[in-house]
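Listing of structure_27.pdb; format and content: PDB, C-alpha atoms and all ligand atoms.
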MODEL        1
ATOM      1  CA  MET A   1      37.364 131.184  18.762  1.00  0.00           C
ATOM      2  CA  SER A   2      38.415 127.578  18.599  1.00  0.00           C
ATOM      3  CA  LYS A   3      36.093 125.302  16.689  1.00  0.00           C
ATOM      4  CA  LYS A   4      37.891 122.215  17.803  1.00  0.00           C
ATOM      5  CA  SER A   5      35.171 121.117  20.167  1.00  0.00           C
ATOM      6  CA  ARG A   6      34.784 117.389  20.053  1.00  0.00           C
ATOM      7  CA  PHE A   7      31.109 117.742  20.860  1.00  0.00           C
ATOM      8  CA  LYS A   8      28.784 118.016  17.930  1.00  0.00           C
ATOM      9  CA  GLN A   9      25.123 118.829  18.265  1.00  0.00           C
ATOM     10  CA  THR A  10      24.152 115.681  16.448  1.00  0.00           C
ATOM     11  CA  ARG A  11      20.610 115.645  17.733  1.00  0.00           C
ATOM     12  CA  PRO A  12      19.611 119.245  18.301  1.00  0.00           C
ATOM     13  CA  HIS A  13      17.271 119.591  21.227  1.00  0.00           C
ATOM     14  CA  ARG A  14      15.980 122.437  23.265  1.00  0.00           C
ATOM     15  CA  THR A  15      16.537 122.343  26.988  1.00  0.00           C
ATOM     16  CA  VAL A  16      13.369 123.009  28.968  1.00  0.00           C
ATOM     17  CA  PHE A  17      14.074 125.128  32.035  1.00  0.00           C
ATOM     18  CA  ALA A  18      12.212 124.571  35.279  1.00  0.00           C
ATOM     19  CA  PRO A  19       9.770 127.331  36.221  1.00  0.00           C
ATOM     20  CA  GLU A  20      11.087 130.020  38.574  1.00  0.00           C
ATOM     21  CA  THR A  21       9.559 129.567  41.987  1.00  0.00           C
ATOM     22  CA  GLY A  22      11.837 131.568  44.252  1.00  0.00           C
ATOM     23  CA  GLU A  23      13.383 128.302  45.424  1.00  0.00           C
ATOM     24  CA  ALA A  24      15.886 125.866  43.960  1.00  0.00           C
ATOM     25  CA  PRO A  25      14.497 124.833  40.550  1.00  0.00           C
ATOM     26  CA  LEU A  26      13.369 121.252  40.122  1.00  0.00           C
ATOM     27  CA  TYR A  27      14.701 119.244  37.201  1.00  0.00           C
ATOM     28  CA  TRP A  28      14.647 115.552  36.320  1.00  0.00           C
ATOM     29  CA  GLU A  29      17.458 113.530  34.904  1.00  0.00           C
ATOM     30  CA  CYS A  30      17.461 110.521  32.595  1.00  0.00           C
ATOM     31  CA  PRO A  31      19.404 107.756  34.399  1.00  0.00           C
ATOM     32  CA  VAL A  32      20.616 106.330  31.081  1.00  0.00           C
ATOM     33  CA  CYS A  33      22.050 109.288  29.133  1.00  0.00           C
ATOM     34  CA  GLY A  34      22.119 111.997  31.813  1.00  0.00           C
ATOM     35  CA  TYR A  35      19.804 114.388  29.941  1.00  0.00           C
ATOM     36  CA  ILE A  36      18.228 116.944  32.282  1.00  0.00           C
ATOM     37  CA  SER A  37      14.884 118.647  31.735  1.00  0.00           C
ATOM     38  CA  GLY A  38      12.601 120.935  33.704  1.00  0.00           C
ATOM     39  CA  ASP A  39       9.586 119.707  31.754  1.00  0.00           C
ATOM     40  CA  PRO A  40       7.216 118.218  34.381  1.00  0.00           C
ATOM     41  CA  GLN A  41       6.236 115.488  31.911  1.00  0.00           C
ATOM     42  CA  PHE A  42       9.824 114.299  31.949  1.00  0.00           C
ATOM     43  CA  MET A  43       9.396 113.282  35.596  1.00  0.00           C
ATOM     44  CA  ASP A  44       7.351 110.348  34.339  1.00  0.00           C
ATOM     45  CA  GLY A  45       9.819 107.626  33.374  1.00  0.00           C
ATOM     46  CA  ASN A  46       7.234 106.031  31.085  1.00  0.00           C
ATOM     47  CA  GLN A  47       7.683 108.960  28.683  1.00  0.00           C
ATOM     48  CA  PRO A  48      10.600 108.108  26.395  1.00  0.00           C
ATOM     49  CA  CYS A  49      13.681 110.276  26.939  1.00  0.00           C
ATOM     50  CA  PRO A  50      13.883 112.667  23.937  1.00  0.00           C
ATOM     51  CA  ILE A  51      17.605 111.960  23.612  1.00  0.00           C
ATOM     52  CA  CYS A  52      18.151 108.247  24.175  1.00  0.00           C
ATOM     53  CA  GLY A  53      14.573 106.975  24.106  1.00  0.00           C
ATOM     54  CA  ALA A  54      14.897 105.220  27.455  1.00  0.00           C
ATOM     55  CA  THR A  55      11.695 104.467  29.324  1.00  0.00           C
ATOM     56  CA  ASP A  56      13.281 102.342  31.989  1.00  0.00           C
ATOM     57  CA  GLY A  57      14.502 103.451  35.339  1.00  0.00           C
ATOM     58  CA  GLU A  58      13.418 106.242  37.580  1.00  0.00           C
ATOM     59  CA  ARG A  59      14.087 109.821  36.574  1.00  0.00           C
ATOM     60  CA  ARG A  60      16.252 111.350  39.269  1.00  0.00           C
ATOM     61  CA  GLU A  61      15.781 114.795  40.747  1.00  0.00           C
ATOM     62  CA  TYR A  62      18.320 117.451  39.885  1.00  0.00           C
ATOM     63  CA  PRO A  63      19.936 119.269  41.642  1.00  0.00           C
ATOM     64  CA  THR A  64      20.575 116.825  44.452  1.00  0.00           C
ATOM     65  CA  GLU A  65      18.992 116.995  47.891  1.00  0.00           C
ATOM     66  CA  ARG A  66      22.269 118.289  49.357  1.00  0.00           C
ATOM     67  CA  ILE A  67      22.291 121.254  46.961  1.00  0.00           C
ATOM     68  CA  ARG A  68      18.587 121.935  47.496  1.00  0.00           C
ATOM     69  CA  LYS A  69      19.101 122.137  51.246  1.00  0.00           C
ATOM     70  CA  LEU A  70      22.015 124.529  50.844  1.00  0.00           C
ATOM     71  CA  ASP A  71      19.956 126.612  48.405  1.00  0.00           C
ATOM     72  CA  ALA A  72      17.105 126.860  50.935  1.00  0.00           C
ATOM     73  CA  ARG A  73      19.495 128.081  53.628  1.00  0.00           C
ATOM     74  CA  ILE A  74      20.984 130.673  51.262  1.00  0.00           C
ATOM     75  CA  ARG A  75      17.528 132.057  50.488  1.00  0.00           C
ATOM     76  CA  GLU A  76      16.751 132.241  54.182  1.00  0.00           C
ATOM     77  CA  TYR A  77      19.936 134.237  54.869  1.00  0.00           C
ATOM     78  CA  ASN A  78      19.091 136.437  51.897  1.00  0.00           C
ATOM     79  CA  ARG A  79      15.653 137.207  53.325  1.00  0.00           C
ATOM     80  CA  GLN A  80      17.381 138.191  56.555  1.00  0.00           C
ATOM     81  CA  GLY A  81      19.678 140.490  54.592  1.00  0.00           C
ATOM     82  CA  ASP A  82      22.835 138.648  55.663  1.00  0.00           C
ATOM     83  CA  HIS A  83      24.626 139.322  52.387  1.00  0.00           C
ATOM     84  CA  GLU A  84      28.084 138.267  53.566  1.00  0.00           C
ATOM     85  CA  ILE A  85      26.890 134.752  54.412  1.00  0.00           C
ATOM     86  CA  VAL A  86      24.902 134.736  51.156  1.00  0.00           C
ATOM     87  CA  VAL A  87      28.037 135.413  49.091  1.00  0.00           C
ATOM     88  CA  ILE A  88      30.101 132.795  50.935  1.00  0.00           C
ATOM     89  CA  LEU A  89      27.425 130.100  50.658  1.00  0.00           C
ATOM     90  CA  VAL A  90      26.576 130.841  47.018  1.00  0.00           C
ATOM     91  CA  MET A  91      30.264 130.449  46.163  1.00  0.00           C
ATOM     92  CA  ALA A  92      30.299 127.124  48.034  1.00  0.00           C
ATOM     93  CA  LEU A  93      27.183 125.969  46.195  1.00  0.00           C
ATOM     94  CA  LEU A  94      28.553 126.935  42.763  1.00  0.00           C
ATOM     95  CA  GLU A  95      31.746 125.027  43.478  1.00  0.00           C
ATOM     96  CA  ALA A  96      29.760 121.938  44.460  1.00  0.00           C
ATOM     97  CA  VAL A  97      27.639 122.181  41.305  1.00  0.00           C
ATOM     98  CA  LEU A  98      30.758 122.633  39.153  1.00  0.00           C
ATOM     99  CA  GLU A  99      32.358 119.589  40.766  1.00  0.00           C
ATOM    100  CA  ASP A 100      29.218 117.624  39.972  1.00  0.00           C
ATOM    101  CA  ILE A 101      29.218 118.666  36.303  1.00  0.00           C
ATOM    102  CA  LEU A 102      32.925 117.858  35.892  1.00  0.00           C
ATOM    103  CA  ASP A 103      32.295 114.469  37.450  1.00  0.00           C
ATOM    104  CA  ARG A 104      29.383 113.851  35.074  1.00  0.00           C
ATOM    105  CA  ILE A 105      31.446 114.792  32.032  1.00  0.00           C
ATOM    106  CA  MET A 106      34.237 112.428  33.074  1.00  0.00           C
ATOM    107  CA  SER A 107      31.755 109.684  33.802  1.00  0.00           C
ATOM    108  CA  ALA A 108      30.014 110.115  30.436  1.00  0.00           C
ATOM    109  CA  HIS A 109      33.366 109.539  28.788  1.00  0.00           C
ATOM    110  CA  GLY A 110      34.042 106.355  30.636  1.00  0.00           C
ATOM    111  CA  ALA A 111      36.208 107.500  33.548  1.00  0.00           C
ATOM    112  CA  THR A 112      35.966 105.107  36.459  1.00  0.00           C
ATOM    113  CA  LEU A 113      34.919 106.268  39.902  1.00  0.00           C
ATOM    114  CA  GLN A 114      38.492 105.719  41.091  1.00  0.00           C
ATOM    115  CA  LEU A 115      39.922 107.958  38.366  1.00  0.00           C
ATOM    116  CA  ARG A 116      37.279 110.665  38.898  1.00  0.00           C
ATOM    117  CA  LYS A 117      37.965 110.682  42.601  1.00  0.00           C
ATOM    118  CA  MET A 118      41.712 110.942  42.032  1.00  0.00           C
ATOM    119  CA  VAL A 119      41.273 113.861  39.618  1.00  0.00           C
ATOM    120  CA  MET A 120      38.970 115.703  42.016  1.00  0.00           C
ATOM    121  CA  ASP A 121      41.257 115.060  44.981  1.00  0.00           C
ATOM    122  CA  THR A 122      44.332 116.370  43.177  1.00  0.00           C
ATOM    123  CA  GLN A 123      42.644 119.267  41.362  1.00  0.00           C
ATOM    124  CA  ARG A 124      41.041 121.026  44.269  1.00  0.00           C
ATOM    125  CA  ALA A 125      41.549 124.664  43.308  1.00  0.00           C
ATOM    126  CA  ILE A 126      38.510 126.196  41.664  1.00  0.00           C
ATOM    127  CA  GLY A 127      40.717 128.189  39.254  1.00  0.00           C
ATOM    128  CA  THR A 128      42.396 124.998  38.043  1.00  0.00           C
ATOM    129  CA  ARG A 129      39.107 123.179  37.680  1.00  0.00           C
ATOM    130  CA  ILE A 130      37.690 125.951  35.500  1.00  0.00           C
ATOM    131  CA  GLY A 131      40.869 126.972  33.699  1.00  0.00           C
ATOM    132  CA  LYS A 132      42.538 123.598  33.132  1.00  0.00           C
ATOM    133  CA  LEU A 133      40.295 120.631  33.899  1.00  0.00           C
ATOM    134  CA  PHE A 134      37.185 121.872  32.075  1.00  0.00           C
ATOM    135  CA  PRO A 135      38.981 122.661  28.774  1.00  0.00           C
ATOM    136  CA  ALA A 136      40.972 119.422  29.013  1.00  0.00           C
ATOM    137  CA  LEU A 137      37.704 117.481  29.225  1.00  0.00           C
ATOM    138  CA  VAL A 138      35.569 119.232  26.627  1.00  0.00           C
ATOM    139  CA  GLY A 139      38.078 120.826  24.241  1.00  0.00           C
ATOM    140  CA  GLU A 140      37.069 124.431  24.799  1.00  0.00           C
ATOM    141  CA  GLU A 141      37.415 127.102  27.466  1.00  0.00           C
ATOM    142  CA  PHE A 142      34.711 127.480  30.104  1.00  0.00           C
ATOM    143  CA  GLU A 143      34.212 131.111  29.009  1.00  0.00           C
ATOM    144  CA  GLU A 144      33.711 129.995  25.430  1.00  0.00           C
ATOM    145  CA  ALA A 145      31.238 127.265  26.331  1.00  0.00           C
ATOM    146  CA  ALA A 146      29.257 129.624  28.597  1.00  0.00           C
ATOM    147  CA  ALA A 147      29.128 132.274  25.856  1.00  0.00           C
ATOM    148  CA  GLU A 148      27.908 129.759  23.274  1.00  0.00           C
ATOM    149  CA  LEU A 149      25.111 128.775  25.628  1.00  0.00           C
ATOM    150  CA  GLY A 150      24.068 132.409  26.151  1.00  0.00           C
ATOM    151  CA  TYR A 151      25.847 133.172  29.441  1.00  0.00           C
ATOM    152  CA  SER A 152      28.853 135.164  28.293  1.00  0.00           C
ATOM    153  CA  ASP A 153      29.155 137.312  31.420  1.00  0.00           C
ATOM    154  CA  PHE A 154      28.677 134.474  33.896  1.00  0.00           C
ATOM    155  CA  PRO A 155      32.369 133.376  34.160  1.00  0.00           C
ATOM    156  CA  TYR A 156      33.556 136.949  34.735  1.00  0.00           C
ATOM    157  CA  ARG A 157      30.898 137.741  37.333  1.00  0.00           C
ATOM    158  CA  TRP A 158      31.612 134.456  39.102  1.00  0.00           C
ATOM    159  CA  HIS A 159      35.313 135.265  39.148  1.00  0.00           C
ATOM    160  CA  GLN A 160      34.672 138.749  40.526  1.00  0.00           C
ATOM    161  CA  LEU A 161      32.516 137.387  43.299  1.00  0.00           C
ATOM    162  CA  ARG A 162      35.143 134.785  44.218  1.00  0.00           C
ATOM    163  CA  GLU A 163      37.625 137.627  44.604  1.00  0.00           C
ATOM    164  CA  VAL A 164      35.202 139.477  46.880  1.00  0.00           C
ATOM    165  CA  ARG A 165      34.644 136.305  48.903  1.00  0.00           C
ATOM    166  CA  ASN A 166      38.390 135.606  49.146  1.00  0.00           C
ATOM    167  CA  ALA A 167      39.197 139.135  50.237  1.00  0.00           C
ATOM    168  CA  PHE A 168      36.555 138.822  52.922  1.00  0.00           C
ATOM    169  CA  ILE A 169      37.477 135.426  54.357  1.00  0.00           C
ATOM    170  CA  HIS A 170      41.246 135.597  53.897  1.00  0.00           C
ATOM    171  CA  ASP A 171      41.595 138.720  55.932  1.00  0.00           C
ATOM    172  CA  SER A 172      45.191 138.688  57.193  1.00  0.00           C
ATOM    173  CA  PRO A 173      47.407 140.656  59.548  1.00  0.00           C
ATOM    174  CA  PHE A 174      49.529 141.647  56.533  1.00  0.00           C
ATOM    175  CA  ASN A 175      46.699 143.266  54.675  1.00  0.00           C
ATOM    176  CA  GLY A 176      44.991 144.871  57.617  1.00  0.00           C
ATOM    177  CA  ALA A 177      41.273 144.656  58.151  1.00  0.00           C
ATOM    178  CA  ARG A 178      39.230 144.290  54.988  1.00  0.00           C
ATOM    179  CA  GLU A 179      36.249 146.443  54.401  1.00  0.00           C
ATOM    180  CA  THR A 180      32.946 144.727  54.853  1.00  0.00           C
ATOM    181  CA  MET A 181      31.232 143.447  51.771  1.00  0.00           C
ATOM    182  CA  GLN A 182      28.778 145.720  50.087  1.00  0.00           C
ATOM    183  CA  PRO A 183      25.127 144.630  50.319  1.00  0.00           C
ATOM    184  CA  ARG A 184      24.730 144.655  46.527  1.00  0.00           C
ATOM    185  CA  MET A 185      27.173 141.700  46.436  1.00  0.00           C
ATOM    186  CA  GLY A 186      24.404 139.640  48.025  1.00  0.00           C
ATOM    187  CA  ASP A 187      22.051 140.536  45.161  1.00  0.00           C
ATOM    188  CA  GLU A 188      24.794 139.767  42.673  1.00  0.00           C
ATOM    189  CA  ALA A 189      25.307 136.356  44.299  1.00  0.00           C
ATOM    190  CA  MET A 190      21.576 135.587  44.177  1.00  0.00           C
ATOM    191  CA  GLU A 191      21.469 136.436  40.467  1.00  0.00           C
ATOM    192  CA  LEU A 192      24.431 134.173  39.802  1.00  0.00           C
ATOM    193  CA  LEU A 193      22.798 131.405  41.804  1.00  0.00           C
ATOM    194  CA  ASP A 194      19.654 131.503  39.672  1.00  0.00           C
ATOM    195  CA  GLN A 195      21.680 131.682  36.450  1.00  0.00           C
ATOM    196  CA  SER A 196      23.997 128.890  37.496  1.00  0.00           C
ATOM    197  CA  TYR A 197      21.287 126.234  37.493  1.00  0.00           C
ATOM    198  CA  LYS A 198      20.332 127.083  33.921  1.00  0.00           C
ATOM    199  CA  LEU A 199      23.903 127.272  32.714  1.00  0.00           C
ATOM    200  CA  PHE A 200      24.891 123.994  34.374  1.00  0.00           C
ATOM    201  CA  VAL A 201      21.844 122.202  32.972  1.00  0.00           C
ATOM    202  CA  LEU A 202      22.806 123.484  29.498  1.00  0.00           C
ATOM    203  CA  LEU A 203      26.420 122.405  30.013  1.00  0.00           C
ATOM    204  CA  ASN A 204      25.175 119.009  31.139  1.00  0.00           C
ATOM    205  CA  ASN A 205      22.960 118.562  28.112  1.00  0.00           C
ATOM    206  CA  ARG A 206      25.768 119.613  25.817  1.00  0.00           C
ATOM    207  CA  PHE A 207      28.764 117.840  27.302  1.00  0.00           C
ATOM    208  CA  VAL A 208      27.291 114.927  29.231  1.00  0.00           C
ATOM    209  CA  THR A 209      24.284 113.899  27.174  1.00  0.00           C
ATOM    210  CA  ASP A 210      25.861 114.562  23.790  1.00  0.00           C
ATOM    211  CA  GLY A 211      28.941 112.673  24.863  1.00  0.00           C
ATOM    212  CA  PHE A 212      26.709 109.711  25.658  1.00  0.00           C
ATOM    213  CA  GLY A 213      27.397 106.741  23.457  1.00  0.00           C
ATOM    214  CA  GLU A 214      30.246 108.354  21.530  1.00  0.00           C
ATOM    215  CA  GLY A 215      32.731 106.069  23.222  1.00  0.00           C
TER
HETATM  216 ZN    ZN B 301      18.108 109.591  28.084  1.00  0.00          ZN
ENDMDL
END

Just give me the structure of the file as structure tokens.
Ligand SMILES: [Zn+2]
Amino acid sequence: MSKKSRFKQTRPHRTVFAPETGEAPLYWECPVCGYISGDPQFMDGNQPCPICGATDGERREYPTERIRKLDARIREYNRQGDHEIVVILVMALLEAVLEDILDRIMSAHGATLQLRKMVMDTQRAIGTRIGKLFPALVGEEFEEAAAELGYSDFPYRWHQLREVRNAFIHDSPFNGARETMQPRMGDEAMELLDQSYKLFVLLNNRFVTDGFGEG
């Protein structure tokens, strides 16, 4: 394993996860350093941020309203047992959350909005974003970073589910009709969804917050 990561845990801190409620988890974000916490006390901007000490500015909700709405729809489809839609929408949500984290990492390292937009517009493929853009930004593979944060099987499971999704939606006359997705893929997608919030908050606190102020 490469130890060339340019991110050092200079100020070790423990990420507080939001409680599980059966809905999208609710986190708050420091507007100054980007630190994200599920600790309800952190909602109060008068409490100093444990990372940068900021008490100014409003703590923003994370994930965003757009993601929360999509999450709510996914859970509704899941309750109805529509596992094919669940898989497709969970994959869409994970890609949106990944785009957000990549954007945050670039921003924390001083990339302008114009540059970030150009990178995102030209690197649209999810495989490239994970396999090339992520390691270029943080100095280690996505798989490696996920494993270090305690989610070693997440990248593989995500990849498998993308394949299932692709086989389902890219049905073509050359391949003949695809089999329908198995219902357990819906459960798999829901598990990944719940894990993804935790993993992306950890990635944020490692690569966005710790990159803060390092120029
Ligand atoms: Zn902060």

Chain and number of each residue from the PyMOL selection byres (((chain A and resi 150-164) around 8) and not hetatm), as a PyMOL selection string: chain A and resi 87+91+142-144+146-149+165-168+181+185+189+192+195+199

Selected residues written out with C-alpha atoms, as a PDB file, keeping the file's coordinate frame:
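Produced file out31.pdb, reproduced below:
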ATOM      1  CA  VAL A  87      28.037 135.413  49.091  1.00  0.00           C
ATOM      2  CA  MET A  91      30.264 130.449  46.163  1.00  0.00           C
ATOM      3  CA  PHE A 142      34.711 127.480  30.104  1.00  0.00           C
ATOM      4  CA  GLU A 143      34.212 131.111  29.009  1.00  0.00           C
ATOM      5  CA  GLU A 144      33.711 129.995  25.430  1.00  0.00           C
ATOM      6  CA  ALA A 146      29.257 129.624  28.597  1.00  0.00           C
ATOM      7  CA  ALA A 147      29.128 132.274  25.856  1.00  0.00           C
ATOM      8  CA  GLU A 148      27.908 129.759  23.274  1.00  0.00           C
ATOM      9  CA  LEU A 149      25.111 128.775  25.628  1.00  0.00           C
ATOM     10  CA  ARG A 165      34.644 136.305  48.903  1.00  0.00           C
ATOM     11  CA  ASN A 166      38.390 135.606  49.146  1.00  0.00           C
ATOM     12  CA  ALA A 167      39.197 139.135  50.237  1.00  0.00           C
ATOM     13  CA  PHE A 168      36.555 138.822  52.922  1.00  0.00           C
ATOM     14  CA  MET A 181      31.232 143.447  51.771  1.00  0.00           C
ATOM     15  CA  MET A 185      27.173 141.700  46.436  1.00  0.00           C
ATOM     16  CA  ALA A 189      25.307 136.356  44.299  1.00  0.00           C
ATOM     17  CA  LEU A 192      24.431 134.173  39.802  1.00  0.00           C
ATOM     18  CA  GLN A 195      21.680 131.682  36.450  1.00  0.00           C
ATOM     19  CA  LEU A 199      23.903 127.272  32.714  1.00  0.00           C
TER      20      LEU A 199
END

Protein and nucleic residues near ligand ZN 301 (chain B), 10 Å, all atoms listed in the file, as a list in words: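 I would give the residues around ligand ZN 301 (chain B) as Glu29, Cys30, Pro31, Val32, Cys33, Gly34, Tyr35, Ile36, Pro48, Cys49, Pro50, Ile51, Cys52, Gly53, Ala54, Thr55, Asp56, Arg59, Thr209 and Phe212 of chain A.
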
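You will find CA of Met118 in chain A at 26.9 Å from CA of Lys69 in chain A.
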
Residues in the PyMOL selection byres (((chain A and resi 121-137) around 10) and not hetatm), expressed as a PyMOL selection string: chain A and resi 5-6+95+98-99+101-102+105-106+109+115-120+138-145+155+159+162+207

Nearest to Asp194 in chain A by atom-to-atom distance, counting only C-alpha atoms, from A:Tyr27, A:Gly38, A:Val90, A:Tyr62: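 Nearest to Asp194 in chain A: A:Val90.
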
Atom pair CA of Asp71 in chain A / CA of Ser37 in chain A: separation (Å): 19.2 Å

Selection dump of the PyMOL selection byres (((chain A and resi 16) around 7) and not hetatm), as number ranges by chain: A: 14-15, 17-18, 37-39

Protein/DNA/RNA residues near (19.8, 120.8, 47.3), cut 12 Å, all atoms listed in the file, as a list of chain:residue names: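 These residues have at least one counted atom within 12 Å: A:Glu23, A:Ala24, A:Pro25, A:Leu26, A:Tyr27, A:Glu61, A:Tyr62, A:Pro63, A:Thr64, A:Glu65, A:Arg66, A:Ile67, A:Arg68, A:Lys69, A:Leu70, A:Asp71, A:Ala72, A:Arg73, A:Ile74, A:Arg75, A:Leu93, A:Leu94, A:Ala96, A:Val97, A:Tyr197.
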
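Picture a line from CA of Arg206 in chain A to CA of Gly22 in chain A; it runs 26.0 Å.
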
Shortest interatomic distance to Ile169 in chain A - which of A:Met43, A:Asp100, A:Ile85, A:Trp28, counting all atoms listed in the file: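 Closest to Ile169 in chain A, using all atoms listed in the file: A:Ile85.
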
Counting only C-alpha atoms, the residue of A:Leu202, A:Ala108, A:Leu193, A:Pro183 that sits nearest Asp82 in chain A: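 So, comparing all the options, the nearest one is A:Pro183.
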
Shortest interatomic distance to Gln182 in chain A - which of A:Glu84, A:Glu76, A:Glu20, A:Asp44, counting only C-alpha atoms: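 Between A:Glu84, A:Glu76, A:Glu20, A:Asp44, the residue approaching Gln182 in chain A most closely is A:Glu84.
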